[in-house]
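Accompanying notes for the structure given below.
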Amino acid sequence: MSAIAAARTARRKERKALPWGSPAVYFVALVVIALMLVPIVYIIIGGFRTNSQITVDPAGFPNPWNFQNYIDVLTGGVFWAQVGNSLIAALVTTIGVIALGLAASYVLARYEFKGRGALYALFAAGLMFPITVAITPLYIVVRNLGLTNSLAGVIIPQIAFALPTTIIILVPFLRAIPDELQEAAFIDGCSRLGFFWRMVLRLSLPGVITVGILAFIGSWNSYLLPLFILNDQSTYTLPLGVQAFSSQYSTNTAAVLAFTSLSMIPALVFFSLFERRIVGGLTGAVKG
């Protein structure tokens, strides 16, 4: 117990020794945080108001608080159907990105072959071509494959466009695995595939979690690709459903704010819970 107490005391002294920095830096940080949080808080609180309250006092608080807008959205089938579509698309995209990204990153990081550097540079170049640049030819390809109005037409391109970021993050993790560990595993009779499953996956778990979280959030928030691919309302994902709901109930501002705030909450909660995982994984990739 004394050793633990001494360690805690040492950590407290280290925290006290850290400089606070300039007050101007904290002021700028608070302003930036306020600029990001105020619109979110306004949308959430606006869902508890009526249209007349918003018209009379757009910046005021609900008086009285009206829960009916949120109740109507939560008890309707449209919102939950779109949540289900977004969840399916995000989960399948995440699994595909992790599986393909790990396989490609393992080959690029642990195997020596001609053209490895060029292949890695090709994936890195993919970061310079966002999906907005290729949306028109991409739509033509998806249409020719007969995948319009289906979640598969959204999932497959999302996996492809997420692979460059995934490989850039995972390759340093896999390269950092000591060669001596691999040689020891081979001496003990472990195959390359066995070494991948037993050692590589465990040692690269922080990077895998990071790319999985990024792929999930990217798919959940995707708007442009579903806008081009999905025309049937039964296949809408949540971001596309927000746009459709806003157009359909454009006169009911309070209901639109309630629907929008409910669609934001899952992504905000998910990102808040796994923020440290994302930062830790990216830090490990940079160090690797």
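FYI, nothing fancy with the structure tokens labels: chains A, B, ... in order, residues from 1 per chain, ligands from 1 as they appear.
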Show which residues sit within 12 Å of Ala89 in chain A, as a compact mmCIF listing (two decimals) with N, CA, C and O atoms, in the first residue's frame. Count only C-alpha atoms, and ignore same-chain residues fewer than 2 positions away.
```txt
# COMPACT_ATOMS: atom_id res chain seq x y z
N GLN A 82 -34.87 3.72 -40.23
CA GLN A 82 -33.65 4.36 -40.71
C GLN A 82 -32.47 4.10 -39.78
O GLN A 82 -31.33 3.96 -40.25
N VAL A 83 -32.73 4.02 -38.48
CA VAL A 83 -31.67 3.65 -37.55
C VAL A 83 -31.17 2.24 -37.86
O VAL A 83 -29.96 1.97 -37.86
N GLY A 84 -32.08 1.33 -38.15
CA GLY A 84 -31.70 -0.03 -38.49
C GLY A 84 -30.87 -0.09 -39.77
O GLY A 84 -29.86 -0.80 -39.83
N ASN A 85 -31.29 0.68 -40.80
CA ASN A 85 -30.51 0.71 -42.04
C ASN A 85 -29.11 1.26 -41.81
O ASN A 85 -28.11 0.73 -42.33
N SER A 86 -29.02 2.34 -41.03
CA SER A 86 -27.70 2.93 -40.74
C SER A 86 -26.84 1.96 -39.95
O SER A 86 -25.63 1.85 -40.19
N LEU A 87 -27.45 1.25 -39.00
CA LEU A 87 -26.69 0.32 -38.17
C LEU A 87 -26.17 -0.85 -39.01
O LEU A 87 -25.01 -1.27 -38.86
N LEU A 91 -22.19 -1.44 -39.49
CA LEU A 91 -21.56 -2.66 -38.98
C LEU A 91 -20.90 -3.46 -40.10
O LEU A 91 -19.76 -3.93 -39.96
N VAL A 92 -21.60 -3.64 -41.22
CA VAL A 92 -21.03 -4.40 -42.33
C VAL A 92 -19.82 -3.67 -42.90
O VAL A 92 -18.80 -4.29 -43.24
N THR A 93 -19.91 -2.35 -43.02
CA THR A 93 -18.77 -1.56 -43.50
C THR A 93 -17.57 -1.72 -42.57
O THR A 93 -16.43 -1.90 -43.03
N THR A 94 -17.80 -1.65 -41.28
CA THR A 94 -16.72 -1.77 -40.30
C THR A 94 -16.05 -3.14 -40.39
O THR A 94 -14.81 -3.24 -40.40
N ILE A 95 -16.84 -4.19 -40.48
CA ILE A 95 -16.29 -5.54 -40.58
C ILE A 95 -15.48 -5.69 -41.86
O ILE A 95 -14.37 -6.25 -41.87
N GLY A 96 -16.02 -5.19 -42.97
CA GLY A 96 -15.30 -5.28 -44.24
C GLY A 96 -14.01 -4.49 -44.23
O GLY A 96 -12.97 -4.96 -44.74
N VAL A 97 -14.03 -3.30 -43.65
CA VAL A 97 -12.83 -2.46 -43.60
C VAL A 97 -11.76 -3.13 -42.75
O VAL A 97 -10.57 -3.17 -43.12
N SER A 150 -30.18 -0.22 -52.76
CA SER A 150 -29.83 -1.32 -51.86
C SER A 150 -28.68 -0.87 -50.98
O SER A 150 -27.84 -0.07 -51.40
N LEU A 151 -28.64 -1.40 -49.76
CA LEU A 151 -27.55 -1.04 -48.85
C LEU A 151 -26.20 -1.54 -49.35
O LEU A 151 -25.17 -0.97 -49.03
N ALA A 152 -26.20 -2.61 -50.15
CA ALA A 152 -24.93 -3.10 -50.70
C ALA A 152 -24.28 -2.07 -51.60
O ALA A 152 -23.05 -1.95 -51.64
N GLY A 153 -25.09 -1.29 -52.33
CA GLY A 153 -24.55 -0.24 -53.17
C GLY A 153 -23.91 0.88 -52.39
O GLY A 153 -23.11 1.66 -52.94
N VAL A 154 -24.24 0.99 -51.12
CA VAL A 154 -23.61 1.99 -50.24
C VAL A 154 -22.42 1.40 -49.50
O VAL A 154 -21.38 2.03 -49.34
N ILE A 155 -22.57 0.15 -49.06
CA ILE A 155 -21.54 -0.47 -48.22
C ILE A 155 -20.25 -0.72 -48.98
O ILE A 155 -19.15 -0.40 -48.50
N ILE A 156 -20.34 -1.27 -50.19
CA ILE A 156 -19.13 -1.63 -50.95
C ILE A 156 -18.27 -0.40 -51.25
O ILE A 156 -17.05 -0.42 -51.01
N PRO A 157 -18.83 0.71 -51.77
CA PRO A 157 -17.97 1.89 -51.97
C PRO A 157 -17.42 2.46 -50.68
O PRO A 157 -16.28 2.95 -50.65
N GLN A 158 -18.19 2.39 -49.60
CA GLN A 158 -17.68 2.90 -48.32
C GLN A 158 -16.47 2.10 -47.86
O GLN A 158 -15.50 2.67 -47.33
N ILE A 159 -16.50 0.80 -48.04
CA ILE A 159 -15.35 -0.02 -47.68
C ILE A 159 -14.14 0.37 -48.52
O ILE A 159 -13.02 0.52 -48.01
N ALA A 215 -14.33 3.84 -39.24
CA ALA A 215 -15.18 3.32 -40.31
C ALA A 215 -16.65 3.35 -39.90
O ALA A 215 -17.52 3.69 -40.71
N PHE A 216 -16.94 3.02 -38.66
CA PHE A 216 -18.33 3.02 -38.19
C PHE A 216 -18.91 4.42 -38.20
O PHE A 216 -20.02 4.64 -38.72
N ILE A 217 -18.16 5.38 -37.66
CA ILE A 217 -18.67 6.76 -37.61
C ILE A 217 -18.79 7.33 -39.02
O ILE A 217 -19.75 8.03 -39.34
N GLY A 218 -17.80 7.04 -39.88
CA GLY A 218 -17.88 7.54 -41.25
C GLY A 218 -19.08 6.99 -41.99
O GLY A 218 -19.75 7.73 -42.74
N SER A 219 -19.39 5.72 -41.81
CA SER A 219 -20.56 5.14 -42.46
C SER A 219 -21.85 5.68 -41.86
O SER A 219 -22.81 5.96 -42.59
N TRP A 220 -21.89 5.83 -40.55
CA TRP A 220 -23.10 6.33 -39.89
C TRP A 220 -23.43 7.75 -40.34
O TRP A 220 -24.60 8.08 -40.53
N ASN A 221 -22.41 8.57 -40.54
CA ASN A 221 -22.63 9.97 -40.91
C ASN A 221 -22.64 10.20 -42.42
O ASN A 221 -22.80 11.34 -42.87
N SER A 222 -22.47 9.15 -43.20
CA SER A 222 -22.40 9.31 -44.66
C SER A 222 -23.73 9.84 -45.20
O SER A 222 -24.81 9.33 -44.87
N PRO A 226 -25.31 7.80 -49.97
CA PRO A 226 -26.71 7.35 -49.94
C PRO A 226 -27.66 8.24 -50.73
O PRO A 226 -28.65 7.77 -51.28
N THR A 235 -35.18 2.25 -47.79
CA THR A 235 -33.75 1.94 -47.67
C THR A 235 -32.94 3.12 -47.15
O THR A 235 -31.71 3.01 -47.04
N TYR A 236 -33.58 4.22 -46.81
CA TYR A 236 -32.87 5.42 -46.36
C TYR A 236 -32.08 5.13 -45.08
O TYR A 236 -32.56 4.46 -44.17
N THR A 237 -30.87 5.67 -45.03
CA THR A 237 -30.12 5.71 -43.78
C THR A 237 -30.51 6.97 -43.01
O THR A 237 -31.23 7.83 -43.51
N LEU A 238 -30.01 7.09 -41.80
CA LEU A 238 -30.48 8.16 -40.92
C LEU A 238 -30.13 9.56 -41.43
O LEU A 238 -30.99 10.45 -41.40
```
Could you please write out, as a VMD selection string, every residue of range 88-143 of chain A that DSSP assigns to alpha helix (DSSP H)?
chain A and resid 88 to 110 116 to 125 135 to 143
Within 12 Å of range 177-179 of chain A using only C-alpha atoms, minus same-chain residues under 2 positions, as JSON, numbers by chain
{"A": [106, 109, 110, 111, 170, 171, 172, 173, 174, 175, 181, 182, 183, 184, 185, 186, 195, 196, 199, 200, 201, 202, 203, 204, 288]}
Can you write out the residues you just picked, keeping N, CA and C atoms, as an mmCIF file, in the first residue's frame?
```
data_model
loop_
_atom_site.group_PDB
_atom_site.id
_atom_site.type_symbol
_atom_site.label_atom_id
_atom_site.label_comp_id
_atom_site.auth_asym_id
_atom_site.auth_seq_id
_atom_site.Cartn_x
_atom_site.Cartn_y
_atom_site.Cartn_z
ATOM 1 N N TYR A 106 -1.114 -6.360 -43.542
ATOM 2 C CA TYR A 106 -0.193 -7.423 -43.128
ATOM 3 C C TYR A 106 0.787 -7.763 -44.244
ATOM 4 N N ALA A 109 3.225 -4.803 -44.725
ATOM 5 C CA ALA A 109 4.126 -4.556 -43.610
ATOM 6 C C ALA A 109 5.119 -5.685 -43.364
ATOM 7 N N ARG A 110 4.737 -6.942 -43.634
ATOM 8 C CA ARG A 110 5.557 -8.074 -43.217
ATOM 9 C C ARG A 110 6.185 -8.866 -44.368
ATOM 10 N N TYR A 111 5.815 -8.557 -45.603
ATOM 11 C CA TYR A 111 6.339 -9.311 -46.738
ATOM 12 C C TYR A 111 7.222 -8.408 -47.601
ATOM 13 N N LEU A 170 -2.758 1.057 -40.030
ATOM 14 C CA LEU A 170 -2.399 -0.278 -39.567
ATOM 15 C C LEU A 170 -0.983 -0.695 -39.937
ATOM 16 N N VAL A 171 -0.477 -0.249 -41.073
ATOM 17 C CA VAL A 171 0.861 -0.684 -41.503
ATOM 18 C C VAL A 171 1.928 -0.364 -40.456
ATOM 19 N N PRO A 172 1.980 0.844 -39.869
ATOM 20 C CA PRO A 172 2.991 1.088 -38.823
ATOM 21 C C PRO A 172 2.851 0.157 -37.628
ATOM 22 N N PHE A 173 1.605 -0.197 -37.242
ATOM 23 C CA PHE A 173 1.419 -1.127 -36.131
ATOM 24 C C PHE A 173 2.045 -2.485 -36.460
ATOM 25 N N LEU A 174 1.796 -2.979 -37.666
ATOM 26 C CA LEU A 174 2.279 -4.300 -38.035
ATOM 27 C C LEU A 174 3.791 -4.307 -38.270
ATOM 28 N N ARG A 175 4.327 -3.200 -38.755
ATOM 29 C CA ARG A 175 5.785 -3.123 -38.939
ATOM 30 C C ARG A 175 6.517 -3.070 -37.608
ATOM 31 N N LEU A 181 10.123 -11.931 -32.709
ATOM 32 C CA LEU A 181 8.911 -12.593 -32.251
ATOM 33 C C LEU A 181 8.365 -13.522 -33.327
ATOM 34 N N GLN A 182 8.416 -13.070 -34.570
ATOM 35 C CA GLN A 182 7.944 -13.894 -35.670
ATOM 36 C C GLN A 182 8.853 -15.113 -35.861
ATOM 37 N N GLU A 183 10.150 -14.925 -35.758
ATOM 38 C CA GLU A 183 11.079 -16.043 -35.918
ATOM 39 C C GLU A 183 10.896 -17.070 -34.802
ATOM 40 N N ALA A 184 10.669 -16.589 -33.588
ATOM 41 C CA ALA A 184 10.436 -17.511 -32.472
ATOM 42 C C ALA A 184 9.158 -18.311 -32.682
ATOM 43 N N ALA A 185 8.142 -17.663 -33.223
ATOM 44 C CA ALA A 185 6.891 -18.367 -33.490
ATOM 45 C C ALA A 185 7.079 -19.432 -34.565
ATOM 46 N N PHE A 186 7.862 -19.126 -35.592
ATOM 47 C CA PHE A 186 8.109 -20.101 -36.644
ATOM 48 C C PHE A 186 8.917 -21.293 -36.121
ATOM 49 N N PHE A 195 0.570 -17.336 -36.960
ATOM 50 C CA PHE A 195 1.193 -16.152 -36.369
ATOM 51 C C PHE A 195 0.286 -14.936 -36.523
ATOM 52 N N PHE A 196 -0.392 -14.821 -37.663
ATOM 53 C CA PHE A 196 -1.299 -13.694 -37.884
ATOM 54 C C PHE A 196 -2.442 -13.723 -36.883
ATOM 55 N N MET A 199 -0.839 -13.758 -32.880
ATOM 56 C CA MET A 199 0.027 -12.695 -32.407
ATOM 57 C C MET A 199 -0.312 -11.340 -33.023
ATOM 58 N N VAL A 200 -0.433 -11.304 -34.346
ATOM 59 C CA VAL A 200 -0.597 -10.018 -35.027
ATOM 60 C C VAL A 200 -1.893 -9.336 -34.606
ATOM 61 N N LEU A 201 -2.979 -10.085 -34.566
ATOM 62 C CA LEU A 201 -4.259 -9.488 -34.209
ATOM 63 C C LEU A 201 -4.233 -8.889 -32.808
ATOM 64 N N ARG A 202 -3.620 -9.584 -31.872
ATOM 65 C CA ARG A 202 -3.575 -9.087 -30.493
ATOM 66 C C ARG A 202 -2.671 -7.859 -30.363
ATOM 67 N N LEU A 203 -1.518 -7.912 -31.020
ATOM 68 C CA LEU A 203 -0.581 -6.800 -30.898
ATOM 69 C C LEU A 203 -1.060 -5.549 -31.631
ATOM 70 N N SER A 204 -1.861 -5.721 -32.668
ATOM 71 C CA SER A 204 -2.354 -4.568 -33.429
ATOM 72 C C SER A 204 -3.766 -4.169 -33.024
ATOM 73 N N GLY A 288 4.754 4.287 -34.581
ATOM 74 C CA GLY A 288 5.244 3.153 -35.339
ATOM 75 C C GLY A 288 5.939 3.585 -36.615
#
```
Restrict the calculation to only C-alpha atoms, then for each residue of range 211-258 of chain A with any atom at most 8 Å from an atom of range 71-79 of chain A give the closest atom pair and their distance in Å to one decimal, rows by chain and rising residue number, as a tab-separated table.
```
residue	atom	partner	partner_atom	distance
A:Leu238	CA	A:Phe79	CA	7.6
A:Gly241	CA	A:Phe79	CA	7.8
A:Ala255	CA	A:Val73	CA	7.9
A:Ala258	CA	A:Val73	CA	7.5
```
Can you spit out the residues from that selection as a CSV table (one decimal), in the first residue's frame, using N, CA, C and O atoms?
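The resulting part35.csv:
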```csv
chain,number,residue,atom,x,y,z
A,238,LEU,N,-30.0,7.1,-41.8
A,238,LEU,CA,-30.5,8.2,-40.9
A,238,LEU,C,-30.1,9.6,-41.4
A,238,LEU,O,-31.0,10.4,-41.4
A,241,GLY,N,-32.5,10.3,-44.1
A,241,GLY,CA,-33.8,10.4,-43.5
A,241,GLY,C,-34.1,11.7,-42.9
A,241,GLY,O,-35.2,12.3,-42.9
A,255,ALA,N,-40.6,19.8,-34.8
A,255,ALA,CA,-40.5,18.3,-35.1
A,255,ALA,C,-39.2,18.0,-35.8
A,255,ALA,O,-38.5,17.0,-35.6
A,258,ALA,N,-36.4,18.0,-33.4
A,258,ALA,CA,-36.4,16.8,-32.5
A,258,ALA,C,-35.8,15.6,-33.3
A,258,ALA,O,-35.0,14.9,-32.8
```
With only C-alpha atoms as the atoms that count, which of A:Tyr26, A:Ile44, A:Phe271, A:Ile229 lies nearest to Thr148 in chain A?
A:Ile229
Contacts of Gly126 in chain A within 10 Å, only C-alpha atoms, excl. fewer than 2 positions in-chain, as JSON, numbers by chain
{"A": [121, 122, 123, 124, 128, 129, 130, 131, 160, 161, 162, 163, 164, 165]}
